[in-house]
$ cat query.csv   # CSV, C-alpha atoms
chain,number,residue,atom,x,y,z
E,76,MET,CA,28.1,-98.1,33.4
E,77,ASN,CA,30.7,-95.5,32.8
E,78,GLN,CA,34.1,-95.8,34.5
E,79,LEU,CA,34.6,-93.1,37.2
E,80,ASN,CA,37.7,-91.1,37.1
E,81,PRO,CA,39.6,-90.6,40.4
E,82,ARG,CA,38.0,-87.3,41.2
E,83,GLN,CA,34.5,-88.7,40.6
E,84,ALA,CA,35.4,-91.8,42.6
E,85,ALA,CA,36.4,-89.7,45.6
E,86,LEU,CA,33.2,-87.7,45.4
E,87,ASN,CA,30.9,-90.6,44.5
E,88,GLY,CA,29.7,-91.6,48.0
E,89,ALA,CA,28.8,-88.1,49.1
E,90,MET,CA,27.2,-87.5,45.7
E,91,ILE,CA,24.9,-90.5,45.9
E,92,ARG,CA,23.9,-89.6,49.5
E,93,PHE,CA,23.2,-86.0,48.4
E,94,ARG,CA,21.1,-87.1,45.4
E,95,ILE,CA,19.0,-89.4,47.4
E,96,MET,CA,18.3,-86.8,50.1
E,97,ALA,CA,17.7,-84.0,47.5
E,98,ILE,CA,15.0,-86.1,45.7
E,99,TYR,CA,13.5,-87.1,49.1
E,100,ALA,CA,13.6,-83.5,50.4
E,101,GLY,CA,12.0,-82.2,47.1
E,102,VAL,CA,9.1,-84.7,47.4
E,103,MET,CA,8.6,-83.8,51.1
E,104,SER,CA,8.8,-80.0,50.3
E,105,LEU,CA,6.1,-80.4,47.6
E,106,LEU,CA,3.9,-82.3,50.0
E,107,LEU,CA,4.5,-79.7,52.7
E,108,TRP,CA,3.9,-76.6,50.6
E,109,PHE,CA,1.0,-77.9,48.5
E,110,VAL,CA,-0.8,-80.4,50.8
E,111,SER,CA,0.1,-79.8,54.5
E,112,ILE,CA,0.2,-76.0,54.7
E,113,PRO,CA,-2.9,-75.4,52.5
E,114,THR,CA,-5.0,-77.9,54.6
E,115,HIS,CA,-3.7,-76.4,57.8
E,116,TYR,CA,-4.3,-72.8,57.0
E,117,LEU,CA,-6.5,-72.4,53.9
E,118,PHE,CA,-9.0,-75.0,52.8
E,119,PHE,CA,-10.1,-78.6,53.5
E,120,LYS,CA,-9.0,-78.0,57.1
E,121,ASP,CA,-10.8,-81.2,58.3
E,122,PHE,CA,-8.4,-83.1,56.0
E,123,TYR,CA,-5.3,-81.8,57.9
E,124,GLU,CA,-5.4,-84.4,60.6
E,125,TYR,CA,-4.7,-87.0,57.9
E,126,VAL,CA,-1.7,-85.1,56.6
E,127,SER,CA,-0.2,-83.6,59.7
E,128,TRP,CA,2.6,-86.3,59.6
E,129,ILE,CA,4.1,-84.5,56.6
E,130,SER,CA,5.4,-81.5,58.5
E,131,LEU,CA,6.6,-83.8,61.3
E,132,VAL,CA,8.5,-86.1,59.0
E,133,HIS,CA,9.9,-83.2,57.0
E,134,GLY,CA,11.1,-81.5,60.2
E,135,PHE,CA,12.9,-84.6,61.5
E,136,THR,CA,14.5,-85.6,58.2
E,137,TYR,CA,15.5,-82.2,56.9
E,138,PRO,CA,18.7,-82.3,59.1
E,139,ILE,CA,19.8,-85.4,57.3
E,140,TYR,CA,19.5,-83.5,54.0
E,141,VAL,CA,21.5,-80.7,55.5
E,142,PHE,CA,24.3,-83.1,56.5
E,143,ALA,CA,24.3,-84.7,53.1
E,144,ALA,CA,24.3,-81.3,51.2
E,145,PHE,CA,27.0,-80.0,53.5
E,146,HIS,CA,29.2,-83.0,53.1
E,147,TYR,CA,28.8,-83.0,49.4
E,148,CYS,CA,29.5,-79.3,49.0
E,149,LEU,CA,32.6,-79.5,51.2
E,150,LYS,CA,34.0,-82.5,49.3
E,151,ALA,CA,33.2,-80.9,45.9
E,152,GLY,CA,35.0,-77.7,47.0
E,153,LYS,CA,32.0,-75.5,46.6
E,154,SER,CA,32.0,-71.9,47.8
E,155,LEU,CA,30.4,-71.0,51.1
E,156,LYS,CA,27.6,-69.2,49.3
E,157,SER,CA,26.8,-72.2,47.1
E,158,THR,CA,26.8,-74.4,50.2
E,159,VAL,CA,24.3,-72.2,51.9
E,160,LEU,CA,22.1,-72.2,48.8
E,161,PHE,CA,22.3,-76.0,48.5
E,162,ILE,CA,21.3,-76.3,52.1
E,163,LEU,CA,18.3,-73.9,51.7
E,164,ALA,CA,17.2,-75.7,48.6
E,165,GLY,CA,15.8,-78.4,50.8
E,166,THR,CA,13.2,-76.1,52.2
E,167,LEU,CA,11.7,-75.0,48.9
E,168,PRO,CA,9.7,-77.1,46.5
E,169,ILE,CA,11.5,-77.9,43.2
E,170,ALA,CA,14.7,-76.2,44.4
E,171,SER,CA,16.3,-79.4,45.7
E,172,PHE,CA,15.5,-81.1,42.4
E,173,VAL,CA,17.3,-78.3,40.6
E,174,ALA,CA,20.2,-78.6,43.0
E,175,GLU,CA,20.4,-82.4,42.4
E,176,ARG,CA,20.4,-81.9,38.6
E,177,ARG,CA,23.1,-79.2,38.9
E,178,ALA,CA,25.3,-81.4,41.2
E,179,LEU,CA,24.9,-84.4,38.8
E,180,ARG,CA,25.9,-82.2,35.8
E,181,GLU,CA,29.0,-80.9,37.6
E,182,PHE,CA,29.8,-84.4,38.8
E,183,ASN,CA,29.7,-85.8,35.2
E,184,SER,CA,31.9,-82.9,33.9
E,185,LEU,CA,34.6,-83.6,36.5
E,186,LYS,CA,37.9,-84.6,34.9
K,3,MET,CA,48.3,-68.9,64.3
K,4,LYS,CA,47.7,-65.3,63.4
K,5,ARG,CA,44.3,-64.5,61.9
K,6,SER,CA,43.3,-61.6,59.7
K,7,LYS,CA,40.8,-58.9,60.7
K,8,GLY,CA,38.4,-60.3,58.0
K,9,PHE,CA,38.5,-63.7,59.7
K,10,ILE,CA,37.7,-62.1,63.1
K,11,ALA,CA,34.8,-60.2,61.5
K,12,GLN,CA,33.5,-63.5,60.0
K,13,LEU,CA,33.8,-65.2,63.3
K,14,ILE,CA,31.8,-62.5,65.1
K,15,VAL,CA,29.0,-62.7,62.4
K,16,ALA,CA,29.0,-66.5,62.7
K,17,ILE,CA,28.7,-66.4,66.5
K,18,THR,CA,25.9,-63.8,66.3
K,19,LEU,CA,24.0,-65.9,63.8
K,20,SER,CA,24.7,-69.0,65.9
K,21,ILE,CA,23.2,-67.4,69.0
K,22,THR,CA,20.2,-66.2,66.9
K,23,PHE,CA,19.6,-69.7,65.6
K,24,ILE,CA,20.0,-71.3,69.0
K,25,GLY,CA,17.6,-68.7,70.3
K,26,LEU,CA,15.1,-69.6,67.6
K,27,GLY,CA,15.5,-73.3,68.7
K,28,ASN,CA,14.8,-72.3,72.3
K,29,TRP,CA,11.7,-70.4,71.1
K,30,GLN,CA,10.4,-73.5,69.4
K,31,LEU,CA,11.2,-75.5,72.5
K,32,ASP,CA,9.0,-73.0,74.5
K,33,ARG,CA,6.2,-73.4,71.9
K,34,ALA,CA,6.4,-77.2,72.2
K,35,HIS,CA,6.0,-76.8,75.9
K,36,ASP,CA,3.0,-74.4,75.4
K,37,VAL,CA,1.4,-76.9,73.1
K,38,LYS,CA,1.9,-79.7,75.7
K,39,VAL,CA,0.4,-77.6,78.5
K,40,ALA,CA,-2.5,-76.3,76.3
K,41,LYS,CA,-3.5,-79.8,75.3
K,42,ARG,CA,-3.5,-81.1,78.8
K,43,SER,CA,-7.0,-81.6,80.0
K,44,VAL,CA,-7.8,-79.5,83.1
K,45,SER,CA,-10.6,-80.4,85.5
K,46,ASP,CA,-13.3,-77.8,86.1
K,47,SER,CA,-13.1,-75.4,89.0
K,48,PRO,CA,-16.2,-75.0,91.1
K,49,ARG,CA,-19.0,-72.7,89.8
K,50,VAL,CA,-18.6,-69.1,90.7
K,51,ALA,CA,-20.7,-65.9,90.5
K,52,LEU,CA,-20.1,-64.2,87.1
K,53,GLU,CA,-19.3,-60.8,88.8
K,54,SER,CA,-16.4,-62.4,90.8
K,55,ILE,CA,-14.4,-63.2,87.7
K,56,ALA,CA,-15.6,-60.7,85.1
K,57,SER,CA,-16.7,-57.1,84.9
K,58,VAL,CA,-18.2,-54.8,82.3
K,59,THR,CA,-15.3,-52.4,82.6
K,60,SER,CA,-12.6,-54.7,81.3
K,61,ASN,CA,-11.9,-57.4,78.8
K,62,LEU,CA,-12.3,-61.0,79.8
K,63,ASP,CA,-9.3,-62.2,81.8
K,64,PRO,CA,-7.8,-65.4,80.3
K,65,SER,CA,-8.2,-67.1,83.7
K,66,ALA,CA,-12.0,-66.5,83.4
K,67,ILE,CA,-12.3,-68.3,80.1
K,68,ASN,CA,-13.9,-71.8,80.5
K,69,ARG,CA,-15.1,-71.1,84.0
K,70,LEU,CA,-18.5,-72.4,85.1
K,71,VAL,CA,-20.5,-69.4,86.2
K,72,GLU,CA,-23.9,-68.5,87.6
K,73,PHE,CA,-25.9,-65.3,87.6
K,74,SER,CA,-29.4,-64.0,87.3
K,75,GLY,CA,-31.3,-61.3,85.5
K,76,SER,CA,-34.0,-60.7,82.9
K,77,TYR,CA,-34.0,-61.3,79.2
K,78,ARG,CA,-34.2,-58.2,77.1
K,79,GLN,CA,-33.5,-59.0,73.4
K,80,ILE,CA,-33.5,-62.1,71.3
K,81,PHE,CA,-31.0,-62.7,68.5
K,82,VAL,CA,-30.2,-65.6,66.2
K,83,ALA,CA,-26.6,-66.6,65.4
K,84,PRO,CA,-26.8,-68.5,62.2
K,85,ASP,CA,-24.5,-71.3,60.9
K,86,GLN,CA,-22.6,-71.8,64.1
K,87,ALA,CA,-20.3,-74.8,64.1
K,88,LEU,CA,-21.2,-77.4,66.7
K,89,LEU,CA,-19.0,-80.4,67.5
K,90,THR,CA,-21.0,-83.3,69.0
K,91,GLU,CA,-19.3,-86.7,69.5
K,92,GLY,CA,-16.5,-85.7,67.1
K,93,LYS,CA,-19.0,-84.7,64.3
K,94,LYS,CA,-19.2,-81.1,63.1
K,95,SER,CA,-22.5,-79.6,62.2
K,96,PHE,CA,-23.9,-76.1,61.6
K,97,VAL,CA,-26.9,-74.9,63.5
K,98,ASP,CA,-28.7,-71.6,64.2
K,99,LEU,CA,-28.3,-70.6,67.9
K,100,GLU,CA,-30.7,-68.6,70.0
K,101,VAL,CA,-28.8,-65.9,71.8
K,102,ARG,CA,-30.4,-63.6,74.3
K,103,LEU,CA,-29.3,-60.4,76.0
K,104,LEU,CA,-29.7,-60.8,79.7
K,105,GLU,CA,-29.9,-57.7,81.9
K,106,LEU,CA,-28.2,-58.0,85.3
K,107,SER,CA,-28.5,-55.6,88.2
K,108,GLY,CA,-26.8,-52.2,87.8
K,109,LYS,CA,-27.7,-51.8,84.1
K,110,ARG,CA,-25.3,-54.5,83.0
K,111,GLY,CA,-25.8,-57.1,80.3
K,112,ILE,CA,-24.3,-60.3,78.9
K,113,LEU,CA,-25.0,-62.5,75.9
K,114,VAL,CA,-26.4,-65.9,76.7
K,115,VAL,CA,-26.6,-68.7,74.2
K,116,ARG,CA,-29.7,-70.6,75.3
K,117,GLY,CA,-29.5,-73.4,72.7
K,118,ILE,CA,-30.6,-74.3,69.3
K,119,GLU,CA,-33.0,-71.8,67.8
K,120,SER,CA,-36.6,-72.9,67.6
K,121,LEU,CA,-39.3,-71.3,65.5
K,122,GLU,CA,-41.5,-70.4,68.4
K,123,ASN,CA,-39.6,-68.0,70.6
K,124,GLN,CA,-40.1,-69.1,74.2
K,125,GLU,CA,-41.4,-66.1,76.2
K,126,ILE,CA,-39.5,-65.8,79.5
K,127,ILE,CA,-40.8,-63.1,81.7
K,128,GLY,CA,-39.2,-62.1,85.0
K,129,LYS,CA,-36.0,-63.1,86.6
K,130,VAL,CA,-34.0,-66.1,85.4
K,131,LYS,CA,-31.2,-67.9,87.2
K,132,ILE,CA,-28.6,-69.1,84.8
K,133,SER,CA,-25.7,-71.6,85.0
K,134,GLY,CA,-23.3,-72.0,82.2
K,135,ARG,CA,-19.8,-71.7,80.9
K,136,LEU,CA,-18.1,-68.4,80.0
K,137,TYR,CA,-16.4,-68.1,76.6
K,138,PRO,CA,-14.4,-65.4,74.9
K,139,ARG,CA,-16.2,-63.4,72.2
K,140,GLN,CA,-16.1,-64.8,68.7
K,141,THR,CA,-13.8,-63.0,66.4
K,142,SER,CA,-14.8,-64.3,63.0
K,143,ASP,CA,-18.2,-64.2,61.3
K,144,SER,CA,-20.0,-67.5,60.8
K,145,ALA,CA,-22.6,-66.1,58.4
K,146,ARG,CA,-24.0,-62.9,57.0
K,147,ALA,CA,-26.5,-61.5,59.5
K,148,GLY,CA,-30.1,-60.6,58.6
K,149,GLU,CA,-32.6,-58.9,60.7
K,150,ASP,CA,-32.4,-59.8,64.4
K,151,GLU,CA,-29.4,-61.9,63.6
K,152,ILE,CA,-25.8,-61.6,64.6
K,153,SER,CA,-23.0,-62.7,62.4
K,154,ARG,CA,-20.9,-63.9,65.4
K,155,ILE,CA,-21.4,-64.1,69.1
K,156,ASP,CA,-19.8,-60.9,70.1
K,157,PRO,CA,-21.2,-58.2,72.4
K,158,ALA,CA,-19.5,-55.5,70.3
K,159,LEU,CA,-22.1,-56.2,67.6
K,160,ILE,CA,-25.0,-55.2,69.8
K,161,VAL,CA,-23.4,-52.5,71.8
K,162,GLY,CA,-25.2,-49.8,69.8
K,163,GLU,CA,-28.6,-51.4,70.3
K,164,THR,CA,-28.7,-51.4,74.0
K,165,SER,CA,-28.1,-48.9,76.9
K,166,LEU,CA,-26.7,-51.7,79.1
K,167,SER,CA,-23.0,-52.0,79.8
K,168,LEU,CA,-22.0,-55.3,78.4
K,169,PHE,CA,-19.7,-58.0,79.8
K,170,ASP,CA,-17.0,-59.2,77.4
K,171,GLY,CA,-17.6,-62.7,76.0
K,172,TYR,CA,-20.7,-64.8,76.3
K,173,VAL,CA,-22.1,-67.7,78.3
K,174,VAL,CA,-23.5,-70.9,77.0
K,175,ALA,CA,-26.3,-71.8,79.3
K,176,THR,CA,-26.4,-75.3,80.7
K,177,ALA,CA,-29.4,-74.7,82.9
K,178,GLU,CA,-32.0,-72.0,83.5
K,179,ALA,CA,-34.4,-71.7,86.3
K,180,THR,CA,-37.1,-69.4,87.6
K,181,PRO,CA,-36.5,-67.8,91.0
K,182,LEU,CA,-38.8,-70.5,92.4
K,183,GLY,CA,-36.5,-73.1,91.1
K,184,GLN,CA,-38.5,-74.3,88.2
K,185,GLU,CA,-36.3,-75.4,85.4
K,186,ILE,CA,-36.7,-73.8,81.9
K,187,LEU,CA,-36.3,-76.4,79.2
K,188,THR,CA,-35.0,-75.9,75.7
K,189,THR,CA,-32.7,-77.7,73.2
K,190,ARG,CA,-29.3,-77.0,74.9
K,191,ILE,CA,-25.9,-77.3,73.1
K,192,PRO,CA,-22.8,-78.9,74.7
K,193,ALA,CA,-20.6,-76.4,76.6
K,194,PRO,CA,-17.2,-78.1,76.6
K,195,GLN,CA,-13.9,-76.5,77.7
K,196,LEU,CA,-12.3,-74.5,74.8
K,197,LYS,CA,-9.0,-76.1,73.6
K,198,SER,CA,-6.1,-73.8,73.0
K,199,LYS,CA,-5.4,-73.0,69.3
K,200,VAL,CA,-1.6,-72.9,69.7
K,201,PRO,CA,-0.8,-74.3,66.2
K,202,GLY,CA,1.2,-77.5,65.6
K,203,ASN,CA,1.9,-80.4,67.7
K,204,TYR,CA,4.6,-81.2,70.2
K,205,TRP,CA,6.9,-83.3,68.1
K,206,GLN,CA,6.6,-80.9,65.1
K,207,HIS,CA,8.0,-78.1,67.3
K,208,ILE,CA,10.7,-80.4,68.7
K,209,SER,CA,11.8,-81.2,65.1
K,210,TYR,CA,12.2,-77.5,64.4
K,211,VAL,CA,14.3,-77.2,67.6
K,212,PHE,CA,16.8,-79.7,66.1
K,213,VAL,CA,16.8,-77.9,62.8
K,214,TRP,CA,17.6,-74.5,64.4
K,215,TRP,CA,20.2,-75.9,66.8
K,216,LEU,CA,21.8,-77.8,63.9
K,217,MET,CA,21.9,-74.5,61.9
K,218,GLY,CA,23.4,-72.8,64.9
K,219,LEU,CA,26.2,-75.3,65.0
K,220,LEU,CA,26.8,-75.3,61.3
K,221,VAL,CA,27.1,-71.6,61.1
K,222,LEU,CA,29.9,-71.7,63.6
K,223,PHE,CA,31.9,-73.8,61.1
K,224,ALA,CA,31.4,-71.1,58.3
K,225,PRO,CA,34.6,-69.1,59.0
K,226,PHE,CA,36.7,-72.3,58.7
K,227,TYR,CA,34.8,-73.6,55.7
K,228,ASN,CA,37.1,-72.4,52.9
K,229,GLU,CA,40.2,-73.8,54.7
K,230,VAL,CA,38.6,-77.2,55.1
K,231,ALA,CA,37.1,-77.3,51.6
K,232,VAL,CA,40.5,-76.5,50.0
K,233,LYS,CA,42.2,-79.2,52.1
K,234,LEU,CA,39.6,-81.8,51.2
K,235,LYS,CA,39.8,-80.8,47.5
K,236,HIS,CA,43.6,-81.3,47.6
K,237,GLU,CA,43.2,-84.7,49.2
K,238,SER,CA,40.8,-85.8,46.5
K,239,THR,CA,43.0,-84.7,43.6
$ encode --input "query.csv" --output "structure tokens"
Amino acid sequence: MNQLNPRQAALNGAMIRFRIMAIYAGVMSLLLWFVSIPTHYLFFKDFYEYVSWISLVHGFTYPIYVFAAFHYCLKAGKSLKSTVLFILAGTLPIASFVAERRALREFNSLK
Amino acid sequence: MKRSKGFIAQLIVAITLSITFIGLGNWQLDRAHDVKVAKRSVSDSPRVALESIASVTSNLDPSAINRLVEFSGSYRQIFVAPDQALLTEGKKSFVDLEVRLLELSGKRGILVVRGIESLENQEIIGKVKISGRLYPRQTSDSARAGEDEISRIDPALIVGETSLSLFDGYVVATAEATPLGQEILTTRIPAPQLKSKVPGNYWQHISYVFVWWLMGLLVLFAPFYNEVAVKLKHEST
């Protein structure tokens, strides 16, 4: 395991929390957009009762992602615009995975 | 501490956004309440005369929907409504329904769903007394209509074929009888209360309430963001 420099060490906790929540929010968004919403409004509507928990769980856990993203952005000194984009990334499929990759790249390049 | 005009403008925008987000949270709270009310089971009110809750000159009042009604008249036309969804004991099936146009006094008419369509059309001559439940007109087609068929149970589809003034909606008959009280038998369908289609469930809307309120709080922090971010960055370096 690589030794963390002081800036990385200061950001490490917020970074880990953000990465966990970004991956979790990404998975939940994929389920929401490609399983829950189609079965609710488009096709296999009888199947919706088995997947209705997805929107419920996503709704209640998204605020945790928002806190994690906000805390990470604040500690990393990101601009307000980046912070807003990081927070919104939790609502779109794939976007939070992209945010997580970008955050990790920036974290690794910290000196 | 003296603040710049830019900061004041940011603060005003943030407060406006915050009020909007909190309003959206309150809207979701109202929807949660609507869902709760809509899914509450309501006991049936006593049966009433159709004319007392509906008329041919206006659309069906929401309070008239699901009411148990009675009326009498003579059947004029027979239609089949193919592929209608039927829910019996939790199981969904598709059946062809027999729908008749009943003429009431004063050149008025209403669609009556008698039950499942049978090959031999029962001939019913003279006056019939009907008890049933009043439903709103269907708005989406269940099948493509052939001859003497209707694609959905909607008086608008037959308004050109009759000189009668039609009631909005339709009645699913639960009993039919002759003026002498003799019951007319056929294969009836269940006539349960319609459940509201307000989408979502209670807790789903509550979760959105928290998300919107949280956004409302966070956006208030936006004008101070840069200051705090710079301070935290200095602390970590």
$ atom_distance --input "query.csv" --atom1 "CA of Gly75 in chain K" --atom2 "CA of Leu62 in chain K"
19.8 Å
$ interface_residues --input "query.csv" --of "chain E" --to "chain K" --cutoff "8 Å" --atoms "all atoms listed in the file" --output "list in words"
Pro81, Arg82, Ala85, Leu86, Ser130, Leu131, Gly134, Phe135, Tyr137, Pro138, Leu149, Lys150, Ala151, Gly152, Lys153, Ser154 and Leu155 of chain E
$ residues_around --input "query.csv" --residues "Arg110 in chain K" --least-positions-apart "3" --cutoff "6 Å" --atoms "all atoms listed in the file" --output "PyMOL selection string"
chain K and resi 105-106+166-168
$ residues_around --input "query.csv" --residues "Ala143 in chain E" --least-positions-apart "4" --cutoff "9 Å" --atoms "only C-alpha atoms" --output "PyMOL selection string"
chain E and resi 89-90+92-94+96-97+138-139+147-148+162
$ write_last_selection --input "query.csv" --atoms "C-alpha atoms" --output "PDB file, in the frame of the given file"
ATOM      1  CA  ALA E  89      28.800 -88.100  49.100  1.00  0.00           C
ATOM      2  CA  MET E  90      27.200 -87.500  45.700  1.00  0.00           C
ATOM      3  CA  ARG E  92      23.900 -89.600  49.500  1.00  0.00           C
ATOM      4  CA  PHE E  93      23.200 -86.000  48.400  1.00  0.00           C
ATOM      5  CA  ARG E  94      21.100 -87.100  45.400  1.00  0.00           C
ATOM      6  CA  MET E  96      18.300 -86.800  50.100  1.00  0.00           C
ATOM      7  CA  ALA E  97      17.700 -84.000  47.500  1.00  0.00           C
ATOM      8  CA  PRO E 138      18.700 -82.300  59.100  1.00  0.00           C
ATOM      9  CA  ILE E 139      19.800 -85.400  57.300  1.00  0.00           C
ATOM     10  CA  TYR E 147      28.800 -83.000  49.400  1.00  0.00           C
ATOM     11  CA  CYS E 148      29.500 -79.300  49.000  1.00  0.00           C
ATOM     12  CA  ILE E 162      21.300 -76.300  52.100  1.00  0.00           C
TER      13      ILE E 162
END
$ residues_around --input "query.csv" --residues "Pro168 in chain E" --least-positions-apart "5" --cutoff "7 Å" --atoms "only C-alpha atoms" --output "PDB file with C-alpha atoms, keeping the file's coordinate frame"
ATOM      1  CA  GLY E 101      12.000 -82.200  47.100  1.00  0.00           C
ATOM      2  CA  SER E 104       8.800 -80.000  50.300  1.00  0.00           C
ATOM      3  CA  LEU E 105       6.100 -80.400  47.600  1.00  0.00           C
TER       4      LEU E 105
END
$ axis_aligned_box --input "query.csv" --around "range 146-153 of chain K" --padding-each-side "6 Å" --output "JSON"
{"center_x": -27.8, "center_y": -60.9, "center_z": 60.8, "size_x": 21.6, "size_y": 16.0, "size_z": 19.6}
$ closest_residue --input "query.csv" --among "K:Asn28, K:Ser107, K:Thr189, K:Ser165" --to "Ser76 in chain K" --atoms "all atoms listed in the file"
K:Ser107
$ atom_distance --input "query.csv" --atom1 "CA of Ala193 in chain K" --atom2 "CA of Ala147 in chain K"
23.4 Å
$ residues_around --input "query.csv" --residues "Trp108 in chain E" --least-positions-apart "6" --cutoff "12 Å" --atoms "all atoms listed in the file" --output "count of residues only"
15
$ residues_around --input "query.csv" --residues "Val174 in chain K" --least-positions-apart "2" --cutoff "7 Å" --atoms "all atoms listed in the file" --output "list of chain:residue names"
K:Val114, K:Val115, K:Arg116, K:Gly134, K:Arg135, K:Leu136, K:Tyr172, K:Thr176, K:Ala193
$ closest_residue --input "query.csv" --among "E:Asp121, E:Ser111, E:Val141, E:Ala174" --to "Ser157 in chain E" --atoms "all atoms listed in the file"
E:Ala174
$ atom_distance --input "query.csv" --atom1 "CA of Ser60 in chain K" --atom2 "CA of Glu149 in chain K"
29.0 Å
$ closest_residue --input "query.csv" --among "E:Phe119, E:Tyr140, E:Phe182, E:Tyr125" --to "Ala84 in chain E" --atoms "all atoms listed in the file"
E:Phe182
$ closest_residue --input "query.csv" --among "K:Phe9, K:Phe23, K:Tyr77, K:Phe223" --to "Lys131 in chain K" --atoms "all atoms listed in the file"
K:Tyr77
$ decode --input "query.csv" --residues "range 90-96 of chain E" --atoms "all heavy atoms" --output "PDB file, in the first residue's frame"
ATOM      1  N   MET E  90     -12.673  11.018   1.425  1.00  0.00           N
ATOM      2  CA  MET E  90     -12.537  10.371   0.107  1.00  0.00           C
ATOM      3  C   MET E  90     -13.114   8.950   0.128  1.00  0.00           C
ATOM      4  O   MET E  90     -13.869   8.560  -0.777  1.00  0.00           O
ATOM      5  CB  MET E  90     -11.042  10.336  -0.242  1.00  0.00           C
ATOM      6  CG  MET E  90     -10.711   9.632  -1.509  1.00  0.00           C
ATOM      7  SD  MET E  90     -11.409  10.533  -2.898  1.00  0.00           S
ATOM      8  CE  MET E  90     -11.073   9.371  -4.185  1.00  0.00           C
ATOM      9  N   ILE E  91     -12.776   8.198   1.159  1.00  0.00           N
ATOM     10  CA  ILE E  91     -13.285   6.815   1.251  1.00  0.00           C
ATOM     11  C   ILE E  91     -14.812   6.825   1.346  1.00  0.00           C
ATOM     12  O   ILE E  91     -15.494   6.072   0.649  1.00  0.00           O
ATOM     13  CB  ILE E  91     -12.659   6.080   2.469  1.00  0.00           C
ATOM     14  CG1 ILE E  91     -11.173   5.814   2.201  1.00  0.00           C
ATOM     15  CG2 ILE E  91     -13.389   4.771   2.758  1.00  0.00           C
ATOM     16  CD1 ILE E  91     -10.396   5.311   3.396  1.00  0.00           C
ATOM     17  N   ARG E  92     -15.338   7.712   2.207  1.00  0.00           N
ATOM     18  CA  ARG E  92     -16.808   7.787   2.353  1.00  0.00           C
ATOM     19  C   ARG E  92     -17.457   8.154   1.018  1.00  0.00           C
ATOM     20  O   ARG E  92     -18.468   7.588   0.626  1.00  0.00           O
ATOM     21  CB  ARG E  92     -17.178   8.806   3.441  1.00  0.00           C
ATOM     22  CG  ARG E  92     -16.960   8.297   4.841  1.00  0.00           C
ATOM     23  CD  ARG E  92     -17.551   9.247   5.869  1.00  0.00           C
ATOM     24  NE  ARG E  92     -16.788  10.494   5.977  1.00  0.00           N
ATOM     25  CZ  ARG E  92     -15.704  10.651   6.734  1.00  0.00           C
ATOM     26  NH1 ARG E  92     -15.257   9.641   7.459  1.00  0.00           N
ATOM     27  NH2 ARG E  92     -15.073  11.808   6.768  1.00  0.00           N
ATOM     28  N   PHE E  93     -16.845   9.112   0.315  1.00  0.00           N
ATOM     29  CA  PHE E  93     -17.425   9.521  -0.971  1.00  0.00           C
ATOM     30  C   PHE E  93     -17.384   8.384  -1.978  1.00  0.00           C
ATOM     31  O   PHE E  93     -18.368   8.129  -2.681  1.00  0.00           O
ATOM     32  CB  PHE E  93     -16.691  10.746  -1.540  1.00  0.00           C
ATOM     33  CG  PHE E  93     -17.127  11.048  -2.945  1.00  0.00           C
ATOM     34  CD1 PHE E  93     -18.410  11.527  -3.195  1.00  0.00           C
ATOM     35  CD2 PHE E  93     -16.290  10.811  -4.028  1.00  0.00           C
ATOM     36  CE1 PHE E  93     -18.842  11.771  -4.498  1.00  0.00           C
ATOM     37  CE2 PHE E  93     -16.724  11.051  -5.328  1.00  0.00           C
ATOM     38  CZ  PHE E  93     -17.998  11.530  -5.555  1.00  0.00           C
ATOM     39  N   ARG E  94     -16.255   7.669  -2.032  1.00  0.00           N
ATOM     40  CA  ARG E  94     -16.141   6.582  -3.016  1.00  0.00           C
ATOM     41  C   ARG E  94     -17.169   5.485  -2.762  1.00  0.00           C
ATOM     42  O   ARG E  94     -17.813   4.994  -3.687  1.00  0.00           O
ATOM     43  CB  ARG E  94     -14.730   5.983  -2.978  1.00  0.00           C
ATOM     44  CG  ARG E  94     -13.689   6.905  -3.577  1.00  0.00           C
ATOM     45  CD  ARG E  94     -12.362   6.204  -3.676  1.00  0.00           C
ATOM     46  NE  ARG E  94     -12.416   5.094  -4.613  1.00  0.00           N
ATOM     47  CZ  ARG E  94     -11.519   4.118  -4.669  1.00  0.00           C
ATOM     48  NH1 ARG E  94     -10.509   4.091  -3.810  1.00  0.00           N
ATOM     49  NH2 ARG E  94     -11.627   3.154  -5.560  1.00  0.00           N
ATOM     50  N   ILE E  95     -17.328   5.128  -1.488  1.00  0.00           N
ATOM     51  CA  ILE E  95     -18.319   4.082  -1.152  1.00  0.00           C
ATOM     52  C   ILE E  95     -19.718   4.532  -1.585  1.00  0.00           C
ATOM     53  O   ILE E  95     -20.455   3.801  -2.251  1.00  0.00           O
ATOM     54  CB  ILE E  95     -18.294   3.755   0.367  1.00  0.00           C
ATOM     55  CG1 ILE E  95     -16.983   3.048   0.729  1.00  0.00           C
ATOM     56  CG2 ILE E  95     -19.492   2.898   0.767  1.00  0.00           C
ATOM     57  CD1 ILE E  95     -16.736   2.906   2.219  1.00  0.00           C
ATOM     58  N   MET E  96     -20.061   5.769  -1.219  1.00  0.00           N
ATOM     59  CA  MET E  96     -21.412   6.250  -1.524  1.00  0.00           C
ATOM     60  C   MET E  96     -21.613   6.475  -3.026  1.00  0.00           C
ATOM     61  O   MET E  96     -22.712   6.291  -3.539  1.00  0.00           O
ATOM     62  CB  MET E  96     -21.708   7.545  -0.755  1.00  0.00           C
ATOM     63  CG  MET E  96     -22.002   7.331   0.718  1.00  0.00           C
ATOM     64  SD  MET E  96     -23.129   5.963   1.093  1.00  0.00           S
ATOM     65  CE  MET E  96     -24.631   6.475   0.283  1.00  0.00           C
TER      66      MET E  96
END
